[in-house]
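Participant: entry_20.cif is the file, holding mmCIF, C-alpha atoms:
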```cif
data_protein
#
loop_
_atom_site.label_atom_id
_atom_site.label_comp_id
_atom_site.auth_asym_id
_atom_site.auth_seq_id
_atom_site.Cartn_x
_atom_site.Cartn_y
_atom_site.Cartn_z
CA MET J 1 0.00 0.00 0.00
CA ARG J 2 1.17 3.55 -0.68
CA LEU J 3 1.28 5.98 2.21
CA SER J 4 -0.61 9.06 1.12
CA LYS J 5 -2.67 11.63 2.91
CA GLY J 6 -5.77 10.18 4.46
CA ALA J 7 -4.74 6.59 3.71
CA LEU J 8 -4.02 5.78 7.35
CA PRO J 9 -6.07 5.92 10.52
CA ARG J 10 -5.67 9.13 12.48
CA PHE J 11 -3.01 9.30 15.15
CA SER J 12 -3.76 9.23 18.81
CA ASP J 13 -3.92 12.74 20.30
CA CYS J 14 -0.84 12.55 22.54
CA SER J 15 -1.18 15.70 24.60
CA VAL J 16 1.79 14.73 26.76
CA VAL J 17 4.31 15.26 23.98
CA GLY J 18 2.30 17.61 21.82
CA MET J 19 1.39 15.18 19.08
CA SER J 20 -1.77 15.98 17.17
CA PRO J 21 -3.78 14.01 14.61
CA ARG J 22 -2.10 14.15 11.19
CA SER J 23 -1.02 11.88 8.39
CA LEU J 24 2.25 9.99 8.31
CA ASP J 25 3.40 12.23 5.48
CA GLY J 26 4.32 14.94 7.96
CA VAL J 27 6.07 12.56 10.31
CA LEU J 28 8.17 11.07 7.55
CA ALA J 29 9.10 14.33 5.83
CA ARG J 30 12.52 14.42 7.47
CA LYS J 31 14.70 13.58 4.51
CA LYS J 32 15.96 16.79 3.01
CA ALA J 33 18.63 17.40 0.43
CA PRO J 34 21.47 19.55 1.76
CA SER J 35 21.00 23.23 1.03
CA SER J 36 22.90 24.72 -1.87
CA ASN J 37 24.79 26.96 0.57
CA LEU J 38 25.85 24.02 2.73
CA THR J 39 26.92 22.02 -0.31
CA ALA J 40 28.92 24.95 -1.66
CA ASP J 41 30.64 25.52 1.69
CA VAL J 42 31.49 21.82 2.00
CA GLN J 43 32.82 21.63 -1.56
CA ALA J 44 35.02 24.68 -0.95
CA ILE J 45 36.64 23.00 2.06
CA ILE J 46 37.16 19.78 0.13
CA ASN J 47 38.80 21.67 -2.73
CA ASP J 48 41.04 23.54 -0.29
CA VAL J 49 42.24 20.31 1.35
CA ARG J 50 42.87 18.70 -2.05
CA GLU J 51 44.99 21.67 -3.09
CA ASN J 52 46.75 22.57 0.16
CA GLY J 53 46.89 19.32 2.16
CA ASP J 54 48.07 19.57 5.76
CA LYS J 55 48.21 23.35 5.61
CA ALA J 56 44.45 23.43 5.08
CA LEU J 57 43.86 20.80 7.77
CA PHE J 58 45.70 22.86 10.38
CA ARG J 59 43.79 25.96 9.38
CA TYR J 60 40.38 24.28 9.69
CA ALA J 61 41.31 22.46 12.91
CA GLU J 62 42.05 25.84 14.49
CA LYS J 63 39.01 27.53 12.95
CA PHE J 64 36.42 24.92 13.89
CA ASP J 65 37.94 23.19 16.94
CA GLY J 66 40.49 25.62 18.39
CA PHE J 67 43.27 23.05 17.92
CA LYS J 68 46.52 24.88 17.08
CA GLU J 69 49.32 22.32 17.30
CA GLN J 70 51.21 21.28 14.18
CA ALA J 71 51.02 17.49 14.55
CA LEU J 72 47.89 15.67 13.46
CA ALA J 73 48.74 12.11 14.44
CA VAL J 74 48.36 10.74 17.95
CA THR J 75 51.86 9.93 19.14
CA PRO J 76 52.84 6.63 20.77
CA GLN J 77 53.34 8.55 24.01
CA GLU J 78 49.79 9.93 23.89
CA TYR J 79 48.43 6.53 22.93
CA ASN J 80 50.14 4.76 25.82
CA ALA J 81 49.28 7.51 28.32
CA ALA J 82 45.54 6.96 27.98
CA THR J 83 43.78 6.23 31.25
CA ILE J 84 42.57 2.64 31.28
CA ASP J 85 39.33 1.91 33.10
CA PRO J 86 39.38 -1.86 33.83
CA GLU J 87 35.59 -2.18 33.92
CA TYR J 88 35.20 -0.22 30.69
CA GLN J 89 37.94 -2.39 29.19
CA ARG J 90 35.94 -5.49 30.05
CA ILE J 91 32.82 -4.07 28.40
CA LEU J 92 34.73 -3.05 25.28
CA GLU J 93 36.32 -6.48 24.93
CA ARG J 94 33.02 -8.25 25.49
CA THR J 95 31.31 -6.02 22.91
CA ALA J 96 34.05 -6.57 20.32
CA GLU J 97 33.85 -10.31 20.89
CA ARG J 98 30.09 -10.37 20.36
CA ILE J 99 30.33 -8.21 17.22
CA ALA J 100 32.97 -10.58 15.86
CA ASP J 101 30.90 -13.65 16.74
CA PHE J 102 28.02 -12.36 14.64
CA HIS J 103 29.98 -10.92 11.73
CA LYS J 104 32.30 -13.89 11.22
CA ASN J 105 29.34 -15.61 9.56
CA GLN J 106 29.48 -12.99 6.79
CA ILE J 107 32.98 -13.91 5.65
CA GLU J 108 32.95 -14.98 2.01
CA LYS J 109 35.47 -17.11 0.12
CA SER J 110 36.75 -16.99 -3.42
CA TRP J 111 35.42 -19.75 -5.68
CA SER J 112 36.16 -21.48 -8.98
CA VAL J 113 34.14 -23.64 -11.39
CA PHE J 114 35.85 -26.11 -13.72
CA LYS J 115 33.87 -27.06 -16.86
CA GLU J 116 34.24 -30.28 -18.87
CA ASP J 117 35.45 -28.33 -21.92
CA GLY J 118 38.40 -26.93 -19.96
CA VAL J 119 36.80 -23.59 -19.15
CA ILE J 120 37.58 -22.19 -15.71
CA MET J 121 35.44 -19.43 -14.19
CA GLY J 122 35.43 -17.96 -10.74
CA GLN J 123 35.34 -15.01 -8.40
CA MET J 124 38.06 -13.64 -6.16
CA VAL J 125 37.10 -11.94 -2.90
CA ARG J 126 39.70 -9.39 -1.84
CA PRO J 127 39.68 -7.00 1.13
CA LEU J 128 40.05 -3.27 0.76
CA GLU J 129 43.56 -2.14 1.60
CA ARG J 130 42.90 0.97 3.70
CA VAL J 131 39.82 2.16 5.58
CA ALA J 132 39.11 5.35 7.54
CA VAL J 133 36.81 5.18 10.56
CA TYR J 134 35.26 8.52 11.48
CA VAL J 135 34.46 8.92 15.19
CA PRO J 136 32.50 12.09 16.11
CA GLY J 137 33.77 14.16 19.00
CA GLY J 138 30.72 16.31 19.69
CA THR J 139 28.03 15.92 22.34
CA ALA J 140 28.43 12.14 22.34
CA VAL J 141 31.67 10.22 21.73
CA LEU J 142 30.37 7.22 19.78
CA VAL J 143 32.90 4.59 20.80
CA SER J 144 30.37 1.89 19.95
CA SER J 145 30.45 3.00 16.30
CA LEU J 146 34.22 2.62 16.28
CA LEU J 147 33.82 -1.04 17.24
CA MET J 148 30.95 -1.58 14.78
CA CYS J 149 33.12 -0.29 11.94
CA ALA J 150 36.52 -1.69 12.87
CA VAL J 151 35.65 -5.27 13.82
CA PRO J 152 33.94 -6.22 10.51
CA ALA J 153 36.75 -4.52 8.58
CA GLN J 154 39.31 -6.60 10.42
CA LEU J 155 37.35 -9.79 9.78
CA ALA J 156 37.30 -8.87 6.09
CA GLY J 157 41.09 -8.70 6.14
CA VAL J 158 41.60 -4.94 5.79
CA LYS J 159 45.29 -4.32 6.46
CA GLU J 160 45.22 -0.63 7.36
CA ILE J 161 42.50 0.93 9.52
CA PHE J 162 42.88 4.45 10.83
CA ILE J 163 40.70 6.73 12.93
CA LEU J 164 39.70 10.33 12.31
CA THR J 165 38.30 12.24 15.29
CA PRO J 166 38.14 15.97 16.05
CA VAL J 167 39.74 17.38 19.19
CA LYS J 168 39.37 20.60 21.15
CA GLU J 169 41.91 23.21 22.15
CA ASP J 170 43.80 20.82 24.41
CA GLY J 171 44.48 18.53 21.45
CA LYS J 172 43.53 15.47 23.48
CA VAL J 173 41.72 12.51 21.99
CA SER J 174 39.18 10.98 24.37
CA ASP J 175 40.62 8.20 26.53
CA LYS J 176 37.55 6.16 25.64
CA ILE J 177 38.42 6.35 21.95
CA LEU J 178 42.04 5.45 22.62
CA GLN J 179 40.97 2.54 24.82
CA ALA J 180 38.58 1.22 22.17
CA ALA J 181 41.23 1.67 19.48
CA ALA J 182 43.62 -0.40 21.56
CA VAL J 183 41.02 -3.17 21.89
CA CYS J 184 40.83 -3.24 18.09
CA GLY J 185 44.59 -2.98 17.70
CA ILE J 186 44.37 0.37 15.87
CA THR J 187 47.27 2.74 16.49
CA GLU J 188 46.92 5.15 13.54
CA ILE J 189 44.73 7.97 14.85
CA TYR J 190 44.45 11.55 13.58
CA LYS J 191 43.20 14.61 15.42
CA VAL J 192 41.06 15.85 12.59
CA GLY J 193 37.35 15.70 11.90
CA GLY J 194 34.61 17.50 10.04
CA VAL J 195 34.57 18.10 6.31
CA HIS J 196 38.34 18.59 6.20
CA GLY J 197 38.86 15.19 7.81
CA ILE J 198 36.66 13.50 5.22
CA ALA J 199 38.55 15.29 2.44
CA ALA J 200 41.89 14.19 3.87
CA ALA J 201 40.76 10.56 3.96
CA ALA J 202 39.38 10.77 0.42
CA TYR J 203 42.34 12.46 -1.28
CA GLY J 204 45.27 12.21 1.12
CA THR J 205 47.62 14.86 2.49
CA GLU J 206 51.25 14.94 3.55
CA SER J 207 50.31 13.35 6.89
CA ILE J 208 47.33 11.18 6.00
CA ALA J 209 47.42 8.59 3.25
CA LYS J 210 44.14 8.37 1.35
CA ALA J 211 41.66 5.61 2.14
CA ASP J 212 39.73 3.23 -0.09
CA LYS J 213 36.62 3.67 2.04
CA ILE J 214 35.32 6.03 4.75
CA VAL J 215 32.89 4.71 7.37
CA GLY J 216 31.32 6.07 10.52
CA PRO J 217 28.65 8.60 11.51
CA GLY J 218 28.84 12.38 11.49
CA ASN J 219 26.79 15.57 11.42
CA SER J 220 25.10 17.08 8.36
CA TYR J 221 28.39 18.60 7.16
CA VAL J 222 30.20 15.27 7.42
CA ALA J 223 27.31 13.55 5.62
CA ALA J 224 27.42 16.14 2.84
CA ALA J 225 31.18 15.72 2.53
CA LYS J 226 30.85 11.95 2.23
CA ARG J 227 28.23 12.42 -0.46
CA LEU J 228 30.53 14.73 -2.44
CA VAL J 229 33.67 12.57 -2.27
CA TYR J 230 31.81 9.35 -3.08
CA GLY J 231 33.10 8.00 -6.36
CA ASP J 232 36.67 9.07 -5.61
CA VAL J 233 36.45 6.94 -2.47
CA ASP J 234 33.82 4.50 -1.24
CA ILE J 235 31.63 5.32 1.77
CA ASP J 236 29.38 3.27 4.01
CA MET J 237 26.27 5.41 3.39
CA VAL J 238 24.94 8.94 3.72
CA ALA J 239 23.14 8.50 7.03
CA GLY J 240 20.18 10.63 7.98
CA PRO J 241 18.38 11.00 11.32
CA SER J 242 17.81 7.82 13.29
CA ASP J 243 14.41 6.13 13.54
CA VAL J 244 12.51 3.25 15.10
CA LEU J 245 9.16 1.70 14.25
CA ILE J 246 7.50 -0.59 16.80
CA ILE J 247 4.82 -3.07 15.77
CA ALA J 248 2.87 -4.18 18.83
CA ASP J 249 -0.28 -6.09 19.69
CA GLU J 250 -2.39 -6.11 22.85
CA THR J 251 0.17 -8.29 24.66
CA ALA J 252 2.91 -5.66 24.52
CA ASN J 253 4.05 -4.02 27.75
CA PRO J 254 3.44 -0.24 27.51
CA LYS J 255 6.36 0.39 29.85
CA TYR J 256 8.74 -1.27 27.37
CA VAL J 257 7.13 0.36 24.33
CA ALA J 258 7.46 3.83 25.88
CA ALA J 259 11.07 3.22 26.92
CA ASP J 260 12.04 2.10 23.43
CA LEU J 261 10.35 5.06 21.76
CA LEU J 262 12.09 7.42 24.18
CA SER J 263 15.49 5.83 23.63
CA GLN J 264 15.30 6.60 19.93
CA ALA J 265 13.97 10.14 20.44
CA GLU J 266 16.97 10.79 22.66
CA HIS J 267 19.27 10.72 19.62
CA GLY J 268 18.17 14.14 18.45
CA ALA J 269 15.32 16.47 17.64
CA ASP J 270 14.97 15.02 14.13
CA SER J 271 14.81 11.38 15.23
CA SER J 272 11.58 9.52 14.55
CA SER J 273 9.74 7.12 16.88
CA ILE J 274 6.58 5.46 15.56
CA LEU J 275 4.25 2.96 17.23
CA VAL J 276 1.94 0.92 15.00
CA THR J 277 -0.48 -1.22 16.97
CA THR J 278 -3.78 -3.06 16.91
CA SER J 279 -4.51 -1.95 20.49
CA GLU J 280 -5.99 1.45 21.35
CA ARG J 281 -5.48 0.63 25.02
CA LEU J 282 -1.74 0.20 24.39
CA ILE J 283 -1.55 3.68 22.84
CA THR J 284 -3.22 5.25 25.87
CA GLU J 285 -1.04 3.39 28.37
CA THR J 286 2.13 4.08 26.38
CA GLU J 287 1.36 7.80 26.43
CA ALA J 288 1.09 7.67 30.23
CA GLU J 289 4.39 5.78 30.42
CA ILE J 290 6.10 8.35 28.20
CA GLU J 291 5.07 11.08 30.60
CA ARG J 292 6.20 9.10 33.65
CA GLN J 293 9.58 8.05 32.24
CA MET J 294 10.41 11.46 30.81
CA SER J 295 10.30 12.84 34.35
CA TYR J 296 13.63 11.19 35.18
CA LEU J 297 15.45 11.34 31.82
CA LYS J 298 18.11 13.93 30.97
CA ARG J 299 17.81 14.71 27.25
CA THR J 300 14.17 15.77 27.48
CA ASP J 301 14.62 18.76 25.16
CA TYR J 302 15.64 16.45 22.33
CA ILE J 303 12.95 13.92 23.25
CA GLN J 304 10.16 16.49 23.43
CA LYS J 305 11.05 17.99 20.05
CA SER J 306 11.51 14.60 18.40
CA LEU J 307 8.21 13.17 19.57
CA THR J 308 6.34 16.37 18.80
CA ASP J 309 7.58 16.66 15.22
CA TYR J 310 8.34 13.10 14.19
CA GLY J 311 6.62 10.81 16.70
CA ALA J 312 3.42 8.94 15.98
CA ALA J 313 1.02 6.35 17.34
CA VAL J 314 -1.00 4.61 14.63
CA LEU J 315 -3.99 2.37 15.29
CA VAL J 316 -4.47 -0.35 12.64
CA GLU J 317 -7.03 -3.08 12.15
CA SER J 318 -4.60 -5.98 11.74
CA LEU J 319 -0.96 -6.92 12.16
CA GLN J 320 -0.75 -7.49 8.42
CA GLN J 321 -1.64 -3.83 7.90
CA ALA J 322 1.03 -2.92 10.44
CA PHE J 323 3.65 -4.82 8.45
CA ASP J 324 2.45 -3.25 5.21
CA ILE J 325 3.06 0.17 6.77
CA ALA J 326 6.45 -0.90 8.12
CA ASN J 327 7.57 -2.23 4.75
CA GLU J 328 6.55 1.03 3.10
CA ILE J 329 8.43 3.12 5.68
CA ALA J 330 11.47 0.78 5.63
CA PRO J 331 12.65 1.76 9.14
CA GLU J 332 16.23 1.76 10.31
CA HIS J 333 15.14 -0.18 13.40
CA LEU J 334 12.05 -2.39 13.53
CA GLU J 335 10.83 -3.82 16.84
CA ILE J 336 8.20 -6.57 16.83
CA LEU J 337 6.48 -6.74 20.22
CA THR J 338 3.79 -9.34 19.71
CA ALA J 339 2.72 -12.61 21.30
CA ASP J 340 4.81 -14.64 18.84
CA PRO J 341 7.34 -12.28 17.23
CA LEU J 342 9.36 -14.94 15.41
CA SER J 343 6.31 -16.05 13.44
CA HIS J 344 6.07 -12.57 11.92
CA LEU J 345 9.66 -12.39 10.67
CA PRO J 346 8.74 -13.57 7.14
CA LYS J 347 6.42 -10.55 6.79
CA VAL J 348 9.35 -8.13 6.97
CA LYS J 349 10.63 -6.96 3.59
CA ASN J 350 12.35 -3.67 4.37
CA ALA J 351 14.19 -2.95 7.63
CA GLY J 352 17.75 -2.14 8.63
CA SER J 353 17.77 -4.30 11.76
CA ILE J 354 14.94 -6.27 13.37
CA PHE J 355 14.42 -6.74 17.11
CA LEU J 356 12.14 -9.61 18.10
CA GLY J 357 10.31 -9.75 21.41
CA GLU J 358 10.14 -7.67 24.56
CA ASN J 359 13.60 -8.71 25.75
CA THR J 360 15.37 -7.46 22.63
CA PRO J 361 15.22 -3.65 22.87
CA GLU J 362 16.85 -1.64 20.11
CA PRO J 363 19.61 -0.26 22.40
CA LEU J 364 20.83 -3.85 22.81
CA GLY J 365 21.66 -3.71 19.11
CA ASP J 366 23.31 -0.33 19.54
CA TYR J 367 25.86 -1.86 21.85
CA MET J 368 26.13 -5.55 22.51
CA SER J 369 23.76 -7.89 20.69
CA GLY J 370 26.46 -8.43 18.07
CA THR J 371 24.50 -7.12 15.09
CA ASN J 372 25.75 -3.93 13.47
CA HIS J 373 24.24 -0.57 14.32
CA VAL J 374 25.50 1.27 11.23
CA LEU J 375 22.22 0.98 9.34
CA PRO J 376 20.32 2.52 6.42
CA THR J 377 18.07 5.44 7.40
CA ASP J 378 15.40 7.56 5.73
CA GLY J 379 13.69 4.58 4.10
CA THR J 380 16.86 3.46 2.31
CA ALA J 381 16.49 -0.01 3.85
CA ARG J 382 14.44 -0.65 0.71
CA PHE J 383 17.73 -1.00 -1.18
CA TYR J 384 20.64 -0.70 1.28
CA SER J 385 21.99 -3.08 3.93
CA GLY J 386 23.65 -2.36 7.23
CA LEU J 387 27.43 -2.37 7.57
CA GLY J 388 29.05 -5.80 7.51
CA VAL J 389 32.12 -7.76 6.50
CA TYR J 390 30.84 -7.58 2.91
CA SER J 391 31.19 -3.79 3.10
CA PHE J 392 34.97 -4.10 3.20
CA VAL J 393 35.62 -6.48 0.32
CA LYS J 394 35.46 -6.30 -3.45
CA TYR J 395 34.84 -8.99 -6.01
CA SER J 396 36.78 -9.74 -9.19
CA SER J 397 35.49 -12.30 -11.65
CA TYR J 398 37.89 -14.31 -13.82
CA SER J 399 37.68 -16.78 -16.69
CA TYR J 400 39.99 -19.03 -18.67
CA TYR J 401 39.02 -20.45 -22.09
CA PRO J 402 41.13 -22.95 -24.04
CA ARG J 403 41.21 -22.49 -27.83
CA GLU J 404 38.68 -25.24 -28.45
CA ALA J 405 36.11 -23.64 -26.13
CA LEU J 406 36.56 -20.22 -27.74
CA ALA J 407 36.20 -21.79 -31.19
CA GLU J 408 32.84 -23.25 -30.22
CA LEU J 409 31.54 -19.75 -29.34
CA GLN J 410 33.36 -17.64 -31.92
CA ASP J 411 30.58 -17.33 -34.50
CA ASP J 412 28.01 -16.25 -31.91
CA VAL J 413 30.37 -13.75 -30.29
CA ILE J 414 31.27 -12.24 -33.67
CA ALA J 415 27.63 -12.03 -34.72
CA PHE J 416 26.66 -10.40 -31.42
CA ALA J 417 29.46 -7.83 -31.71
CA LEU J 418 28.51 -6.98 -35.29
CA SER J 419 24.86 -6.60 -34.29
CA GLU J 420 26.04 -3.78 -32.01
CA GLU J 421 28.22 -2.37 -34.81
CA LEU J 422 31.40 -3.03 -32.83
CA ASP J 423 33.53 -4.62 -35.51
CA ALA J 424 36.76 -4.28 -33.52
CA HIS J 425 35.18 -6.51 -30.88
CA ALA J 426 34.34 -9.05 -33.59
CA ASN J 427 37.85 -8.72 -34.99
CA SER J 428 39.39 -9.49 -31.57
CA VAL J 429 37.85 -12.96 -31.81
CA SER J 430 38.14 -13.59 -35.55
CA VAL J 431 41.90 -12.87 -35.73
CA ARG J 432 42.50 -15.81 -33.44
CA PHE J 433 41.15 -18.14 -36.12
#
```
Taking this structure as input, can you express it in the form of structure tokens?
Facilitator:
Amino acid sequence: MRLSKGALPRFSDCSVVGMSPRSLDGVLARKKAPSSNLTADVQAIINDVRENGDKALFRYAEKFDGFKEQALAVTPQEYNAATIDPEYQRILERTAERIADFHKNQIEKSWSVFKEDGVIMGQMVRPLERVAVYVPGGTAVLVSSLLMCAVPAQLAGVKEIFILTPVKEDGKVSDKILQAAAVCGITEIYKVGGVHGIAAAAYGTESIAKADKIVGPGNSYVAAAKRLVYGDVDIDMVAGPSDVLIIADETANPKYVAADLLSQAEHGADSSSILVTTSERLITETEAEIERQMSYLKRTDYIQKSLTDYGAAVLVESLQQAFDIANEIAPEHLEILTADPLSHLPKVKNAGSIFLGENTPEPLGDYMSGTNHVLPTDGTARFYSGLGVYSFVKYSSYSYYPREALAELQDDVIAFALSEELDAHANSVSVRF
């Protein structure tokens, strides 16, 4: 079904968070192309870094972050001086182990096929050589994203992984980042972020060798920069605001539903949290739980704005209708809180990551379930996949034909080439006979 105005039941009137009846069109209208001014500003920085290298990086590091020193790389002394929290170390190691345990199943092997006529065909799987992991240094230091990016890359066989992260005036990289880097065995870390960091990874400078791929989250400027350098370097995706859609029946616990909606709204004012349910009672009780739980949460400004602008509670007649809506929206995160969640898994066509049952909240996937949390947003789960080992490899096909096998195909190949008026192609085969 297509989601158009008036096609869906009206939303619950959630007075607690300011939601009013409206169509899903308004809730989902978050995806916006970057403004022409932003794009122009980002392109100018990229061009500057391509032309002036480290000189431009130092200038932008001072302009945007207040960092004035003339060395971009974290030194061995800085790396080794990081404060190690033993309990945090245990959590990091456990998380990395669980990520590896899941992603090792994605490792692919090269293969060959040998035909009776002597033909050999196959595919080689080769890792990328060098990958940049971007770790934001703003309001939240996303160490979990570092692990989600680095562990699959290592399993793929990437030889060189380096970290880009912005620093402040003191020039100090967060101890948490350094500790997580050590868990992953990464020692190449640069004190540079933003658009200029993306440009450095894409094109290289005197200090930073260019990467084959850039992965990791960032703000709108970082996202725009990744979009502009794509093609000269690979990227994971151009990520938009985060979202969750919860499908629930009358058996769902409103306390859990509210908590999971709130956890997604906490990401930022443009995050989206949507409940689709067959139970009007659940909507009412979830609203009450949202009010109760918000009273003790910290990021209520973000939550309030997010739920007001991009939150929704939708009452549907059947679970099948709920899944039709979910497949149309193609959420980044899909929670299924029903009496028998596993039985509904075949109904899912489009979702970044799926969380089944009341004991599998989405934040478990953000940190320690083992599945990756770098996921397609803004409905792009219709055609994109989350980050995985397969994101860090490339495939080369190969073939070997003995003369006899080529002879058997020569007339058809020549005729096909001539039908496309490519006589040099036809000649390439005919001269061999």
Participant: Show me, as an NGL selection string, the residues that have an atom within 10 Å of segment 207-212 of chain J when counting all atoms listed in the file, minus same-chain residues fewer than 3 positions from it.
Facilitator: :J and (53-54 or 57 or 71-73 or 128-133 or 160-162 or 164 or 188-190 or 197-204 or 232-235 or 392)
Participant: Around the point (14.9, -3.3, 23.3), in the coordinates given by the file, pick out the residues reaching within 12 Å, counting all atoms listed in the file, and return them as a PyMOL selection string.
Facilitator: chain J and resi 244-246+253+255-264+333-337+353-369
Participant: Store the residues picked out above in a file with C-alpha atoms, as an mmCIF file, in the coordinates of the input.
Facilitator:
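result-v1.cif was written with the following content:
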```
data_model
loop_
_atom_site.group_PDB
_atom_site.id
_atom_site.type_symbol
_atom_site.label_atom_id
_atom_site.label_comp_id
_atom_site.auth_asym_id
_atom_site.auth_seq_id
_atom_site.Cartn_x
_atom_site.Cartn_y
_atom_site.Cartn_z
ATOM 1 C CA VAL J 244 12.510 3.250 15.100
ATOM 2 C CA LEU J 245 9.160 1.700 14.250
ATOM 3 C CA ILE J 246 7.500 -0.590 16.800
ATOM 4 C CA ASN J 253 4.050 -4.020 27.750
ATOM 5 C CA LYS J 255 6.360 0.390 29.850
ATOM 6 C CA TYR J 256 8.740 -1.270 27.370
ATOM 7 C CA VAL J 257 7.130 0.360 24.330
ATOM 8 C CA ALA J 258 7.460 3.830 25.880
ATOM 9 C CA ALA J 259 11.070 3.220 26.920
ATOM 10 C CA ASP J 260 12.040 2.100 23.430
ATOM 11 C CA LEU J 261 10.350 5.060 21.760
ATOM 12 C CA LEU J 262 12.090 7.420 24.180
ATOM 13 C CA SER J 263 15.490 5.830 23.630
ATOM 14 C CA GLN J 264 15.300 6.600 19.930
ATOM 15 C CA HIS J 333 15.140 -0.180 13.400
ATOM 16 C CA LEU J 334 12.050 -2.390 13.530
ATOM 17 C CA GLU J 335 10.830 -3.820 16.840
ATOM 18 C CA ILE J 336 8.200 -6.570 16.830
ATOM 19 C CA LEU J 337 6.480 -6.740 20.220
ATOM 20 C CA SER J 353 17.770 -4.300 11.760
ATOM 21 C CA ILE J 354 14.940 -6.270 13.370
ATOM 22 C CA PHE J 355 14.420 -6.740 17.110
ATOM 23 C CA LEU J 356 12.140 -9.610 18.100
ATOM 24 C CA GLY J 357 10.310 -9.750 21.410
ATOM 25 C CA GLU J 358 10.140 -7.670 24.560
ATOM 26 C CA ASN J 359 13.600 -8.710 25.750
ATOM 27 C CA THR J 360 15.370 -7.460 22.630
ATOM 28 C CA PRO J 361 15.220 -3.650 22.870
ATOM 29 C CA GLU J 362 16.850 -1.640 20.110
ATOM 30 C CA PRO J 363 19.610 -0.260 22.400
ATOM 31 C CA LEU J 364 20.830 -3.850 22.810
ATOM 32 C CA GLY J 365 21.660 -3.710 19.110
ATOM 33 C CA ASP J 366 23.310 -0.330 19.540
ATOM 34 C CA TYR J 367 25.860 -1.860 21.850
ATOM 35 C CA MET J 368 26.130 -5.550 22.510
ATOM 36 C CA SER J 369 23.760 -7.890 20.690
#
```
Participant: Work out how far atom CA of Gly194 of chain J is from atom CA of Ile303 of chain J, in Å to one decimal.
Facilitator: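 Separating atom CA of Ile303 of chain J from atom CA of Gly194 of chain J is a distance of 25.6 Å.
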Participant: Name the closest residue to Ser272 of chain J among the candidates J:Asp378, J:Asn350, J:Val167, J:Phe433; distances are taken between atoms, counting all atoms listed in the file.
Facilitator: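 Checking each of J:Asp378, J:Asn350, J:Val167, J:Phe433 against Ser272 of chain J, counting all atoms listed in the file, the winner is J:Asp378.
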Participant: For atom CA of Met237 of chain J and atom CA of Arg94 of chain J, quote the distance in Å rounded to one decimal.
Facilitator: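 Between these atoms lies a distance of 26.8 Å.
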Participant: What does the distance from atom CA of Gly193 of chain J to atom CA of Glu97 of chain J come to in Å, to one decimal?
Facilitator: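 Taking atom CA of Gly193 of chain J and atom CA of Glu97 of chain J, their separation equals 27.7 Å.
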Participant: Carefully work through the PyMOL selection byres ((chain J and resi 109) around 10) for this structure and note down the residues it includes, as an MDAnalysis selection string.
Facilitator: chainID J and resid 106:108 110:111 123:126
Participant: Counting only C-alpha atoms, figure out which residue out of J:Val158, J:Ala180, J:Phe416, J:Val393 gets nearest to Ile84 of chain J.
Facilitator: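 That would be J:Ala180, the residue with the smallest distance to Ile84 of chain J.
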Participant: What would the selection look like, as number ranges by chain, if the PyMOL selection byres ((chain J and resi 401) around 10) were run on the coordinates I just shared?
Facilitator: J: 115, 117-121, 399-400, 402-407
Participant: Residues near Tyr384 of chain J, anyone? I mean within 12 Å using all atoms listed in the file, not counting same-chain ones fewer than 6 positions away, as a ChimeraX atom specification.
Facilitator: /J:236-239,330-332,350-353,374-378,391
Participant: Go ahead and write the residues just picked, C-alpha atoms, as a PDB file, in the frame of the given file.
Facilitator:
```
ATOM      1  CA  ASP J 236      29.380   3.270   4.010  1.00  0.00           C
ATOM      2  CA  MET J 237      26.270   5.410   3.390  1.00  0.00           C
ATOM      3  CA  VAL J 238      24.940   8.940   3.720  1.00  0.00           C
ATOM      4  CA  ALA J 239      23.140   8.500   7.030  1.00  0.00           C
ATOM      5  CA  ALA J 330      11.470   0.780   5.630  1.00  0.00           C
ATOM      6  CA  PRO J 331      12.650   1.760   9.140  1.00  0.00           C
ATOM      7  CA  GLU J 332      16.230   1.760  10.310  1.00  0.00           C
ATOM      8  CA  ASN J 350      12.350  -3.670   4.370  1.00  0.00           C
ATOM      9  CA  ALA J 351      14.190  -2.950   7.630  1.00  0.00           C
ATOM     10  CA  GLY J 352      17.750  -2.140   8.630  1.00  0.00           C
ATOM     11  CA  SER J 353      17.770  -4.300  11.760  1.00  0.00           C
ATOM     12  CA  VAL J 374      25.500   1.270  11.230  1.00  0.00           C
ATOM     13  CA  LEU J 375      22.220   0.980   9.340  1.00  0.00           C
ATOM     14  CA  PRO J 376      20.320   2.520   6.420  1.00  0.00           C
ATOM     15  CA  THR J 377      18.070   5.440   7.400  1.00  0.00           C
ATOM     16  CA  ASP J 378      15.400   7.560   5.730  1.00  0.00           C
ATOM     17  CA  SER J 391      31.190  -3.790   3.100  1.00  0.00           C
TER      18      SER J 391
END
```
Participant: Find the residue from J:Arg281, J:Lys213, J:Arg292, J:Arg59 that sits nearest to Leu315 of chain J; use only C-alpha atoms when measuring.
Facilitator: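 Checking each candidate against Leu315 of chain J, we get J:Arg281 as the closest.
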Participant: Identify all residues satisfying the PyMOL selection byres ((chain J and resi 317-325) around 8) in the given file; provide them as a ChimeraX atom specification.
Facilitator: /J:1,3,247,249,276-278,315-316,326-329,347-348
Participant: What's around Asn427 of chain J at 8 Å? Count only C-alpha atoms, leave out sequence neighbours fewer than 4 positions away in its own chain, and write the answer as a list in words.
Facilitator: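 Listed by chain and then number, they are Ile414, Asp423 and Val431 of chain J.
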Participant: Can you report as AutoDock Vina command-line options the centre and edge lengths in Å, to one decimal, of an axis-aligned box around the listed atoms of segment 246-258 of chain J padded with 8 Å on each side?
Facilitator:
```
--center_x 3.2 --center_y -2.2 --center_z 22.8 --size_x 27.1 --size_y 28.1 --size_z 30.1
```
